[in-house]
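Undergrad: A single structure is presented below for examination.
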Amino acid sequence: MDERYDPKKIEPFWQAEWERAKLYLTGQDRSRPKFYLLEMFPYPSGNGLSVGHLHNYVPPDVVGRFKRMTGFNVLHPMGWDAFGLPAENEALLKGLHPKQTVPQYAANFKRQLKLSGCAYDWTREINSSEPGYYRWTQWFFLLLHKRGLAYRAVGSQWWCEECRTILANEQVVNGCCWRHTETPVTKKDLEQWYFRITAYADRLLEDLDLVDWPEPIKLMQRNWIGRSEGAEIAFPVADHPGKEVRFFTTRPDTVFGVSFMVLAPEHPLVAEITSDAQRAAVEEYVAQARRQSEIERLSTVKEKTGVFTGAYAYNPFTRKNIPIWIADYVLMGYGTGAIMAAPGEDQRDFEFATKYGLEIPRVTAPLDGSRPDPGCAFTEHGITVNSGFLDRLKTADAIKAVLRWIEEHRIGRPTVSYRMRDWLISRQRYWGAPIPMVYCKRTCGIVPVPEDQLPVVLPDMRDYQPSGTGRSPLANVPEFVNTTCPKCGGPAERETDTLDGFACSSWYFLRFASPHYDRAPFERAAVDYWLPVDLYVGGAEHAVMHLLYARMWTKVMFDAGLINFKEPFLVLRNQGMVWAADGQKMSKSRGNVVTPDSMIEKYGADALRLWELFMGPFEEPTNWNEDGVTGTVRYLTRVWTMVRRYVEAGCPAGSPNAETLRRAHKAIRTVTDHIERQRFNTALAALMDQLNYAARLDPAAIGRFAIE
RNA sequence: GCCGAGGUGGCGAAACGGCAGACGCAGUGGACUCAAAAUCCACCGAGCGCAAGCUCAUGCGGGUUCAAGUCCCGCCCUCGGCACCA
C-alpha cells in the first residue's frame, strides 16, 4: 500500500475495476426489494458539465450506492434529452448539425460523469433523438390521438421570433421564450396540434396528495392548474336577436351589481355587435391589442384601457340594458373570453368603471355592518344587498340561490374553470420527432400513420434552419412530405411539424425499465417491477413543464391499462441551484464556470464528491466556493492514514470497548437516517465526527469493526 | 399586488420546545523541521475578568412557557414562483 493518499492512482484503478466487475449493472434478482433512482435526464450541451450540474448527480449517486449496499436492487440509469429546442438552438448557433453535436456532447457528459465516480448502469443509456426511441414517442402521440386527447385547432398562440416556432403556455416565462429569456413572445395564428391536458386537470390536482414532493412544487402546480368554481351564465344582446354574451364568474351572487360587460378584444362576438358609430375605434383597439407583446401588456398592467362597442346586453336580474365594452384585461383564453363586470365587488372592474365613468353599484356589505370603502371594490364575502331576492343572504347562500335561479330560467349552470390551457405540441422546427399524421388529399382527411409504419423517420437535412414562415423546415423536403394515404392509398402529405421536446421526456422514465425492447415502448413486466420512480431528483424550474406533462402521460397510460400506477414519481427532491462564486449563473460568456475536470485534477473525484455533499443543505441554493474542499481532502487523507495504520498493525481483530461500540452504532444510525432524508451534509459531519474519535484509538483497540 | 421559502460567528452551516454555534473553512498559538509545506495538538461569537466566572447574543418589536433560533401576533429585509384567470 502506498504511503500517501493519492487519488490520481486510486481513482482510475477502482473506476476500471468497477467497470471490469460490472459492479453497477442493474440487479436482476426480482426477489429483492427494488429502488428506482432517477435524475432528470439532461440535454447534452457542448459546454459540458459544471460543478453546479454535478450537484444534481452526486448526492443521488450516494443514495444509489447506499441502497445497493443495504440490499436493494437499484435501477440508476442515465440518458440524454436530445431532441428539442435547447439542443437544436445550440447547434444552430455553432453552425453545426445536431446529428453530430448531440452524440459528441453526450459522450463528453458521459466521460465527465464516469470521471466523477457516478455509478450508472450504462447498458441502459438512452437518447431521445434516436429512431429506436422516438418511434415510441410517436406511438404515444397516436395513443393520445386514439383516445381523443390529441386534436388540431386554429388559434392565436405564443410565437418566439428567435426560435421561430410556436410555444406552449408553460414555455413562456415572464412574457419571454424559455430558451431566449430576453425575447418577448408575440401572437401568431396557426393551426396546431394540442394535447388535451385540461381533461386531466382535476386528477392532476387531486393526485398531488399521493406523492411526496416539495410543497412549493405542489403549490406551483395547483396554481398553474388554477381551478375555480363558479357559473357560466348568458345575457342576451339587445337588438341582436339570438345573440348572447356567455361569461364565467366565481361570484354569481353579485349579478345585481353588474353594470356593464367586457369582452376580450379577440372575442368573435365583437365584430358582430359593434355599432357603426363605434366600429373605427373598436377596430383600432383590437389591432393595437394584437400588436402588443406579452411584455408590453404586463408593463401596462396598472392602467386599464378599453373601448365601448356601442352594443348593450340585457341584465335579467336588474332588468336593465348595460353597455358592452372590450378591454384587454379580459383574456380570450380564460373562461369564455367575456365577463360580467361587478365593479362594486371586483377591483379590476372598479378601476375600469372609475376610469370610464361607469356605474358602480354596491351589492355586498361587510359582515360587521360597516360600509364598504368607497375608494375600492369590496372583494370579500359579506351580506348581499340591493339585490332583490338575494337581499340579506350571506355570500355563500346567495351563490346557491343564484345558481338555482339560473338553472330554472335556463340561462346558465354551475361550472368549473381552469387557468391551465391545453398543451400545444406542434413545433415548426427540425430537431424533434415528426408528428406521425398524414393529410389525405382526396377523401380521408387527417389520418394517423399506422403503428407498424413507425418511426416516421426524421429526414437528413443539411440546411435545417427554422424558416420563420410558420412552416417547419421539413416542408422543404418533398420526399418526406409527399406520401400516400394509409387508408385509401391516394396522394397525401405528411404533417411537417415536429413534437415538442417535452413529449420525449414525458415517458423516458418508463423506457429505462427495458431500454432495448423493440415491440412496445416498454416491457410490461419490467415496468411493473421497477416503476414508479422511488426518488426523482431535478431542478424546480420544471415544476409546471416536464413534471406536469409527465404526470399527464402517466395518467393516460394508466387509463389505457398500460401501467398500474397513477403517479410516475413517488418522491421528488429539488437540488438547490449552485450559482457561481460571483452569485451569477455559471456560463461560459461570464467566464465563471468551474468544471469537475479541473476540480478532480486538483483534488480528486472523492474530495469533490464529498464537497458537493458537504457544501450545504442539498435543497438550498448556494454560491460555489471551493475553499472548503481542503476539508474533504483532509478527511479522506485521515481515513487513508487510519486504515494504513490498521493494516500496518496486522489487521488486528480488536476488542472495542463499550464506548467505541456505542459511538460506532450511533454514527451508523445517524448516517443512515440522514442519507435517507437527503441530509448529506450532516451525514458526512457524523462520519467526520466518528473519524475524529476513532483516529485517536489504538488500531488494536478498535479492530475491523470501527474501521468499517 | 398575490403565493411560497428563508434571515444564526469572519465564512459554509448544526440544533425532538431543553447547555445556541455540532461538523468544516479561515484565523491564532504550539509540536515536528535548518526552514517551509504536509501532519499532529490546543484555542477560536461579543463584552468584562488574572481566574473561577458573569453579562449580552439566532433580522426588528411584542407575547405564550419553568424553558423559545424553534410556538403565537405585528413589522423589516433577501431570494424564488405567479402575474389583470373574472
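Going by the C-alpha cells order, chains are called A, B, ..., each with residues numbered from 1, while ligands are numbered from 1 in the order shown.
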Select from chain B every residue with an atom at most 7 Å from any atom of chain A, then for each give the shortest pair of atoms and their distance in Å to one decimal, using only C-alpha atoms (C1' of nucleotides), rows by chain and rising number, as CSV.
TA:
residue,atom,partner,partner_atom,distance
B:G4,C1',A:Pro216,CA,6.0
B:G12,C1',A:Met615,CA,6.2
B:A13,C1',A:Gly616,CA,6.6
B:C23,C1',A:Ala685,CA,4.4
B:G24,C1',A:Gly631,CA,6.2
B:C25,C1',A:Gly628,CA,5.0
B:C84,C1',A:Tyr329,CA,5.1
B:C85,C1',A:Arg419,CA,5.7
B:A86,C1',A:Thr249,CA,5.7
Undergrad: Find the spatial neighbours of region 424-437 of chain A, counting only C-alpha atoms (C1' of nucleotides), within a cut-off of 7 Å - ignore same-chain residues fewer than 6 positions away - and output them as a ChimeraX atom specification.
TA: /A:83-84,88,134,138,165-168,192-195,446-449,456,458,464,466,470-474,494-501
Undergrad: Fewer than 3 positions away in the same chain doesn't count, so skip those; otherwise give me all residues within 12 Å of C76 (chain B), counting only C-alpha atoms (C1' of nucleotides), as a PyMOL selection string.
TA: chain B and resi 7+59-61
Undergrad: Write out the residues from the selection above, keeping all heavy atoms, as a PDB file, in the first residue's frame.
TA:
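Wrote it out as part02.pdb, contents follow:
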ATOM      1  P     G B   7     -33.398  30.756   8.188  1.00  0.00           P
ATOM      2  OP1   G B   7     -32.303  29.923   8.722  1.00  0.00           O
ATOM      3  OP2   G B   7     -34.666  30.874   8.932  1.00  0.00           O
ATOM      4  O5'   G B   7     -32.852  32.220   7.935  1.00  0.00           O
ATOM      5  C5'   G B   7     -31.558  32.417   7.362  1.00  0.00           C
ATOM      6  C4'   G B   7     -31.247  33.891   7.346  1.00  0.00           C
ATOM      7  O4'   G B   7     -32.415  34.599   6.851  1.00  0.00           O
ATOM      8  C3'   G B   7     -30.914  34.476   8.702  1.00  0.00           C
ATOM      9  O3'   G B   7     -29.782  35.334   8.621  1.00  0.00           O
ATOM     10  C2'   G B   7     -32.138  35.287   9.090  1.00  0.00           C
ATOM     11  O2'   G B   7     -31.828  36.467   9.794  1.00  0.00           O
ATOM     12  C1'   G B   7     -32.733  35.661   7.723  1.00  0.00           C
ATOM     13  N9    G B   7     -34.194  35.781   7.807  1.00  0.00           N
ATOM     14  C8    G B   7     -35.108  34.763   7.875  1.00  0.00           C
ATOM     15  N7    G B   7     -36.338  35.175   7.964  1.00  0.00           N
ATOM     16  C5    G B   7     -36.231  36.554   7.950  1.00  0.00           C
ATOM     17  C6    G B   7     -37.235  37.555   8.013  1.00  0.00           C
ATOM     18  O6    G B   7     -38.455  37.403   8.106  1.00  0.00           O
ATOM     19  N1    G B   7     -36.705  38.834   7.972  1.00  0.00           N
ATOM     20  C2    G B   7     -35.369  39.117   7.868  1.00  0.00           C
ATOM     21  N2    G B   7     -35.055  40.417   7.846  1.00  0.00           N
ATOM     22  N3    G B   7     -34.422  38.200   7.806  1.00  0.00           N
ATOM     23  C4    G B   7     -34.915  36.947   7.848  1.00  0.00           C
ATOM     24  P     G B  59     -32.493  35.841  13.642  1.00  0.00           P
ATOM     25  OP1   G B  59     -33.737  35.519  14.374  1.00  0.00           O
ATOM     26  OP2   G B  59     -32.258  35.306  12.286  1.00  0.00           O
ATOM     27  O5'   G B  59     -32.358  37.412  13.595  1.00  0.00           O
ATOM     28  C5'   G B  59     -31.237  38.030  12.953  1.00  0.00           C
ATOM     29  C4'   G B  59     -31.620  39.402  12.485  1.00  0.00           C
ATOM     30  O4'   G B  59     -32.353  39.301  11.243  1.00  0.00           O
ATOM     31  C3'   G B  59     -32.560  40.153  13.417  1.00  0.00           C
ATOM     32  O3'   G B  59     -31.850  40.807  14.444  1.00  0.00           O
ATOM     33  C2'   G B  59     -33.232  41.131  12.457  1.00  0.00           C
ATOM     34  O2'   G B  59     -32.391  42.218  12.146  1.00  0.00           O
ATOM     35  C1'   G B  59     -33.387  40.259  11.218  1.00  0.00           C
ATOM     36  N9    G B  59     -34.664  39.537  11.194  1.00  0.00           N
ATOM     37  C8    G B  59     -34.839  38.180  11.176  1.00  0.00           C
ATOM     38  N7    G B  59     -36.103  37.828  11.168  1.00  0.00           N
ATOM     39  C5    G B  59     -36.792  39.026  11.175  1.00  0.00           C
ATOM     40  C6    G B  59     -38.174  39.275  11.173  1.00  0.00           C
ATOM     41  O6    G B  59     -39.112  38.467  11.156  1.00  0.00           O
ATOM     42  N1    G B  59     -38.456  40.646  11.195  1.00  0.00           N
ATOM     43  C2    G B  59     -37.502  41.638  11.221  1.00  0.00           C
ATOM     44  N2    G B  59     -37.971  42.888  11.247  1.00  0.00           N
ATOM     45  N3    G B  59     -36.214  41.416  11.226  1.00  0.00           N
ATOM     46  C4    G B  59     -35.922  40.103  11.200  1.00  0.00           C
ATOM     47  P     C B  60     -32.579  41.064  15.871  1.00  0.00           P
ATOM     48  OP1   C B  60     -31.580  41.703  16.753  1.00  0.00           O
ATOM     49  OP2   C B  60     -33.271  39.829  16.281  1.00  0.00           O
ATOM     50  O5'   C B  60     -33.692  42.142  15.508  1.00  0.00           O
ATOM     51  C5'   C B  60     -33.352  43.500  15.301  1.00  0.00           C
ATOM     52  C4'   C B  60     -34.609  44.334  15.230  1.00  0.00           C
ATOM     53  O4'   C B  60     -35.423  43.870  14.119  1.00  0.00           O
ATOM     54  C3'   C B  60     -35.555  44.215  16.425  1.00  0.00           C
ATOM     55  O3'   C B  60     -35.143  45.019  17.516  1.00  0.00           O
ATOM     56  C2'   C B  60     -36.869  44.671  15.815  1.00  0.00           C
ATOM     57  O2'   C B  60     -36.927  46.071  15.669  1.00  0.00           O
ATOM     58  C1'   C B  60     -36.800  44.027  14.438  1.00  0.00           C
ATOM     59  N1    C B  60     -37.460  42.698  14.411  1.00  0.00           N
ATOM     60  C2    C B  60     -38.859  42.668  14.360  1.00  0.00           C
ATOM     61  O2    C B  60     -39.479  43.741  14.347  1.00  0.00           O
ATOM     62  N3    C B  60     -39.490  41.473  14.335  1.00  0.00           N
ATOM     63  C4    C B  60     -38.785  40.346  14.365  1.00  0.00           C
ATOM     64  N4    C B  60     -39.457  39.203  14.333  1.00  0.00           N
ATOM     65  C5    C B  60     -37.360  40.350  14.427  1.00  0.00           C
ATOM     66  C6    C B  60     -36.741  41.538  14.447  1.00  0.00           C
ATOM     67  P     G B  61     -35.525  44.519  19.016  1.00  0.00           P
ATOM     68  OP1   G B  61     -34.862  45.482  19.927  1.00  0.00           O
ATOM     69  OP2   G B  61     -35.254  43.079  19.143  1.00  0.00           O
ATOM     70  O5'   G B  61     -37.094  44.747  19.079  1.00  0.00           O
ATOM     71  C5'   G B  61     -37.627  46.060  18.937  1.00  0.00           C
ATOM     72  C4'   G B  61     -39.126  46.019  19.070  1.00  0.00           C
ATOM     73  O4'   G B  61     -39.711  45.384  17.901  1.00  0.00           O
ATOM     74  C3'   G B  61     -39.661  45.174  20.218  1.00  0.00           C
ATOM     75  O3'   G B  61     -39.554  45.831  21.470  1.00  0.00           O
ATOM     76  C2'   G B  61     -41.104  44.947  19.777  1.00  0.00           C
ATOM     77  O2'   G B  61     -41.900  46.088  19.998  1.00  0.00           O
ATOM     78  C1'   G B  61     -40.918  44.732  18.270  1.00  0.00           C
ATOM     79  N9    G B  61     -40.809  43.298  17.958  1.00  0.00           N
ATOM     80  C8    G B  61     -39.670  42.543  17.818  1.00  0.00           C
ATOM     81  N7    G B  61     -39.921  41.283  17.562  1.00  0.00           N
ATOM     82  C5    G B  61     -41.307  41.211  17.537  1.00  0.00           C
ATOM     83  C6    G B  61     -42.167  40.104  17.304  1.00  0.00           C
ATOM     84  O6    G B  61     -41.871  38.932  17.070  1.00  0.00           O
ATOM     85  N1    G B  61     -43.513  40.474  17.377  1.00  0.00           N
ATOM     86  C2    G B  61     -43.966  41.743  17.632  1.00  0.00           C
ATOM     87  N2    G B  61     -45.290  41.895  17.666  1.00  0.00           N
ATOM     88  N3    G B  61     -43.176  42.780  17.850  1.00  0.00           N
ATOM     89  C4    G B  61     -41.863  42.445  17.781  1.00  0.00           C
TER      90        G B  61
END
Undergrad: Counting only C-alpha atoms, which of A:Leu390, A:Ala106, A:Leu570, A:Val416 gets nearest to Asp207 (chain A)?
TA: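 Using only C-alpha atoms, the shortest distance to Asp207 (chain A) belongs to A:Leu570.
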Undergrad: Pick the closest to C44 (chain B) from B:U8, B:U78, B:U65, B:U28: which is it, counting only C-alpha atoms (C1' of nucleotides)?
TA: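 Ranked by minimum distance to C44 (chain B), first place goes to B:U28.
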Undergrad: Within region 240-360 of chain A, find each residue whose DSSP state, derived from the backbone, is helix (DSSP H, G or I), and express the selection as a ChimeraX atom specification.
TA: /A:252-257,269-273,276-291,294-299,347-356
Undergrad: Write out as a ChimeraX atom specification the residues lying within 12 Å of Thr672 (chain A), counting only C-alpha atoms (C1' of nucleotides) and excluding same-chain residues fewer than 4 positions away.
TA: /A:62-63,66-67,69-70,665-668,676-680,682-684,686-687
Undergrad: Can I get the selection written as a PDB file, in the first residue's frame, with N, CA, C and O atoms?
TA:
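Once written, result.pdb looks like this:
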ATOM      1  N   VAL A  62     -24.946   8.946  -4.270  1.00  0.00           N
ATOM      2  CA  VAL A  62     -24.662   8.433  -2.929  1.00  0.00           C
ATOM      3  C   VAL A  62     -25.845   7.602  -2.427  1.00  0.00           C
ATOM      4  O   VAL A  62     -25.675   6.530  -1.851  1.00  0.00           O
ATOM      5  N   VAL A  63     -27.046   8.093  -2.693  1.00  0.00           N
ATOM      6  CA  VAL A  63     -28.242   7.342  -2.292  1.00  0.00           C
ATOM      7  C   VAL A  63     -28.249   5.986  -2.990  1.00  0.00           C
ATOM      8  O   VAL A  63     -28.530   4.953  -2.372  1.00  0.00           O
ATOM      9  N   PHE A  66     -25.790   3.691  -1.459  1.00  0.00           N
ATOM     10  CA  PHE A  66     -26.280   3.321  -0.134  1.00  0.00           C
ATOM     11  C   PHE A  66     -27.364   2.238  -0.243  1.00  0.00           C
ATOM     12  O   PHE A  66     -27.321   1.233   0.461  1.00  0.00           O
ATOM     13  N   LYS A  67     -28.302   2.449  -1.154  1.00  0.00           N
ATOM     14  CA  LYS A  67     -29.388   1.479  -1.314  1.00  0.00           C
ATOM     15  C   LYS A  67     -28.844   0.132  -1.802  1.00  0.00           C
ATOM     16  O   LYS A  67     -29.296  -0.927  -1.366  1.00  0.00           O
ATOM     17  N   MET A  69     -25.937  -1.072  -1.249  1.00  0.00           N
ATOM     18  CA  MET A  69     -25.206  -1.735  -0.161  1.00  0.00           C
ATOM     19  C   MET A  69     -26.122  -2.207   0.951  1.00  0.00           C
ATOM     20  O   MET A  69     -25.728  -2.985   1.794  1.00  0.00           O
ATOM     21  N   THR A  70     -27.368  -1.696   0.966  1.00  0.00           N
ATOM     22  CA  THR A  70     -28.271  -2.145   2.007  1.00  0.00           C
ATOM     23  C   THR A  70     -29.309  -3.112   1.456  1.00  0.00           C
ATOM     24  O   THR A  70     -30.407  -3.237   1.998  1.00  0.00           O
ATOM     25  N   HIS A 665     -22.223   2.607  16.633  1.00  0.00           N
ATOM     26  CA  HIS A 665     -23.645   2.378  16.348  1.00  0.00           C
ATOM     27  C   HIS A 665     -24.381   3.683  16.135  1.00  0.00           C
ATOM     28  O   HIS A 665     -25.230   3.808  15.244  1.00  0.00           O
ATOM     29  N   LYS A 666     -24.024   4.659  16.934  1.00  0.00           N
ATOM     30  CA  LYS A 666     -24.683   5.957  16.817  1.00  0.00           C
ATOM     31  C   LYS A 666     -24.376   6.579  15.451  1.00  0.00           C
ATOM     32  O   LYS A 666     -25.265   7.137  14.800  1.00  0.00           O
ATOM     33  N   ALA A 667     -23.118   6.462  15.049  1.00  0.00           N
ATOM     34  CA  ALA A 667     -22.726   7.039  13.757  1.00  0.00           C
ATOM     35  C   ALA A 667     -23.476   6.352  12.625  1.00  0.00           C
ATOM     36  O   ALA A 667     -23.991   7.003  11.710  1.00  0.00           O
ATOM     37  N   ILE A 668     -23.560   5.031  12.695  1.00  0.00           N
ATOM     38  CA  ILE A 668     -24.258   4.289  11.643  1.00  0.00           C
ATOM     39  C   ILE A 668     -25.705   4.738  11.553  1.00  0.00           C
ATOM     40  O   ILE A 668     -26.244   5.003  10.476  1.00  0.00           O
ATOM     41  N   GLU A 676     -31.135   8.969   4.123  1.00  0.00           N
ATOM     42  CA  GLU A 676     -32.498   8.707   3.688  1.00  0.00           C
ATOM     43  C   GLU A 676     -33.341   9.967   3.650  1.00  0.00           C
ATOM     44  O   GLU A 676     -34.352  10.020   2.966  1.00  0.00           O
ATOM     45  N   ARG A 677     -32.925  10.970   4.390  1.00  0.00           N
ATOM     46  CA  ARG A 677     -33.679  12.242   4.352  1.00  0.00           C
ATOM     47  C   ARG A 677     -32.957  13.290   3.507  1.00  0.00           C
ATOM     48  O   ARG A 677     -33.224  14.487   3.652  1.00  0.00           O
ATOM     49  N   GLN A 678     -32.023  12.849   2.695  1.00  0.00           N
ATOM     50  CA  GLN A 678     -31.256  13.747   1.825  1.00  0.00           C
ATOM     51  C   GLN A 678     -30.516  14.829   2.603  1.00  0.00           C
ATOM     52  O   GLN A 678     -30.341  15.943   2.141  1.00  0.00           O
ATOM     53  N   ARG A 679     -30.099  14.487   3.836  1.00  0.00           N
ATOM     54  CA  ARG A 679     -29.319  15.449   4.633  1.00  0.00           C
ATOM     55  C   ARG A 679     -27.854  15.061   4.521  1.00  0.00           C
ATOM     56  O   ARG A 679     -27.241  14.596   5.485  1.00  0.00           O
ATOM     57  N   PHE A 680     -27.330  15.231   3.314  1.00  0.00           N
ATOM     58  CA  PHE A 680     -25.997  14.711   3.030  1.00  0.00           C
ATOM     59  C   PHE A 680     -24.906  15.440   3.805  1.00  0.00           C
ATOM     60  O   PHE A 680     -23.925  14.836   4.219  1.00  0.00           O
ATOM     61  N   THR A 682     -25.003  16.741   6.818  1.00  0.00           N
ATOM     62  CA  THR A 682     -24.901  16.312   8.207  1.00  0.00           C
ATOM     63  C   THR A 682     -24.534  14.824   8.312  1.00  0.00           C
ATOM     64  O   THR A 682     -23.936  14.415   9.299  1.00  0.00           O
ATOM     65  N   ALA A 683     -24.887  14.059   7.279  1.00  0.00           N
ATOM     66  CA  ALA A 683     -24.445  12.657   7.264  1.00  0.00           C
ATOM     67  C   ALA A 683     -22.917  12.616   7.261  1.00  0.00           C
ATOM     68  O   ALA A 683     -22.291  11.855   8.015  1.00  0.00           O
ATOM     69  N   LEU A 684     -22.325  13.463   6.423  1.00  0.00           N
ATOM     70  CA  LEU A 684     -20.871  13.493   6.350  1.00  0.00           C
ATOM     71  C   LEU A 684     -20.270  14.043   7.643  1.00  0.00           C
ATOM     72  O   LEU A 684     -19.230  13.565   8.112  1.00  0.00           O
ATOM     73  N   ALA A 686     -21.382  13.591  10.559  1.00  0.00           N
ATOM     74  CA  ALA A 686     -21.383  12.491  11.529  1.00  0.00           C
ATOM     75  C   ALA A 686     -20.203  11.558  11.276  1.00  0.00           C
ATOM     76  O   ALA A 686     -19.572  11.047  12.220  1.00  0.00           O
ATOM     77  N   LEU A 687     -19.875  11.335  10.009  1.00  0.00           N
ATOM     78  CA  LEU A 687     -18.729  10.485   9.685  1.00  0.00           C
ATOM     79  C   LEU A 687     -17.416  11.140  10.126  1.00  0.00           C
ATOM     80  O   LEU A 687     -16.518  10.479  10.631  1.00  0.00           O
TER      81      LEU A 687
END
Undergrad: Could you jot down the CA of Gly388 (chain A) to CA of Asp368 (chain A) separation for me, Å, one decimal place?
TA: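 Atom-to-atom, CA of Gly388 (chain A) to CA of Asp368 (chain A), that is 21.2 Å.
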Undergrad: When distances are computed from only C-alpha atoms (C1' of nucleotides), which of B:G9, B:G80, B:G74, B:G62 shows the smallest separation from G45 (chain B)?
TA: B:G9
Undergrad: List the neighbours of Val402 (chain A) out to 7 Å using only C-alpha atoms (C1' of nucleotides); skip same-chain residues closer than 3 positions along the sequence, and give me the result as a list of chain:residue names.
TA: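 Residues near the query, excluding close chain neighbours: A:Pro252, A:Asp253, A:Ala398, A:Ile399, A:Trp405, A:Ile406.
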Undergrad: I need the residues from that last selection saved to file as a compact mmCIF listing (two decimals), in the first residue's frame (with all heavy atoms), if you can.
TA:
# COMPACT_ATOMS: atom_id res chain seq x y z
N PRO A 252 -71.37 34.64 -8.74
CA PRO A 252 -72.70 34.85 -9.30
C PRO A 252 -73.62 35.61 -8.35
O PRO A 252 -74.62 36.17 -8.78
CB PRO A 252 -73.21 33.42 -9.54
CG PRO A 252 -72.33 32.52 -8.76
CD PRO A 252 -71.02 33.21 -8.63
N ASP A 253 -73.26 35.67 -7.07
CA ASP A 253 -74.08 36.40 -6.10
C ASP A 253 -74.11 37.91 -6.38
O ASP A 253 -74.94 38.62 -5.83
CB ASP A 253 -73.55 36.18 -4.70
CG ASP A 253 -72.10 36.61 -4.57
OD1 ASP A 253 -71.25 36.01 -5.25
OD2 ASP A 253 -71.82 37.58 -3.84
N ALA A 398 -76.16 33.23 -1.15
CA ALA A 398 -76.60 33.97 -2.33
C ALA A 398 -76.13 33.26 -3.59
O ALA A 398 -76.86 33.18 -4.59
CB ALA A 398 -76.07 35.39 -2.29
N ILE A 399 -74.90 32.73 -3.54
CA ILE A 399 -74.38 31.99 -4.70
C ILE A 399 -75.29 30.80 -5.00
O ILE A 399 -75.71 30.60 -6.15
CB ILE A 399 -72.93 31.52 -4.45
CG1 ILE A 399 -71.98 32.74 -4.46
CG2 ILE A 399 -72.49 30.51 -5.51
CD1 ILE A 399 -70.54 32.43 -4.09
N TRP A 405 -81.56 29.74 -9.51
CA TRP A 405 -82.35 30.64 -10.38
C TRP A 405 -81.94 30.51 -11.84
O TRP A 405 -82.78 30.38 -12.73
CB TRP A 405 -82.17 32.08 -9.89
CG TRP A 405 -83.21 33.02 -10.41
CD1 TRP A 405 -84.39 33.37 -9.81
CD2 TRP A 405 -83.16 33.76 -11.64
NE1 TRP A 405 -85.07 34.26 -10.57
CE2 TRP A 405 -84.35 34.53 -11.72
CE3 TRP A 405 -82.25 33.85 -12.69
CZ2 TRP A 405 -84.64 35.37 -12.80
CZ3 TRP A 405 -82.54 34.69 -13.77
CH2 TRP A 405 -83.72 35.44 -13.81
N ILE A 406 -80.64 30.53 -12.09
CA ILE A 406 -80.21 30.48 -13.49
C ILE A 406 -80.49 29.13 -14.13
O ILE A 406 -80.75 29.04 -15.33
CB ILE A 406 -78.70 30.83 -13.66
CG1 ILE A 406 -77.81 29.86 -12.90
CG2 ILE A 406 -78.42 32.28 -13.28
CD1 ILE A 406 -76.33 30.04 -13.14
Undergrad: Need the shell around A15 (chain B): protein/DNA/RNA residues with any atom at most 12 Å away, counting only C-alpha atoms (C1' of nucleotides). Skip same-chain ones fewer than 3 positions apart. Format as a ChimeraX atom specification?
TA: /A:682 /B:8,18-22,58,69-70
Undergrad: The selected residues should be written to file as an mmCIF file, in the first residue's frame (atoms: C-alpha atoms (C1' of nucleotides)).
TA:
data_model
loop_
_atom_site.group_PDB
_atom_site.id
_atom_site.type_symbol
_atom_site.label_atom_id
_atom_site.label_comp_id
_atom_site.auth_asym_id
_atom_site.auth_seq_id
_atom_site.Cartn_x
_atom_site.Cartn_y
_atom_site.Cartn_z
ATOM 1 C CA THR A 682 -24.901 16.312 8.207
ATOM 2 C "C1'" U B 8 -27.929 32.059 13.450
ATOM 3 C "C1'" G B 18 -34.324 21.583 26.886
ATOM 4 C "C1'" C B 19 -26.334 23.667 27.768
ATOM 5 C "C1'" A B 20 -27.052 28.066 20.634
ATOM 6 C "C1'" G B 21 -22.948 27.578 17.136
ATOM 7 C "C1'" A B 22 -22.124 20.099 16.020
ATOM 8 C "C1'" U B 58 -30.150 33.388 16.392
ATOM 9 C "C1'" G B 69 -33.386 30.075 16.912
ATOM 10 C "C1'" U B 70 -37.704 26.713 17.318
#
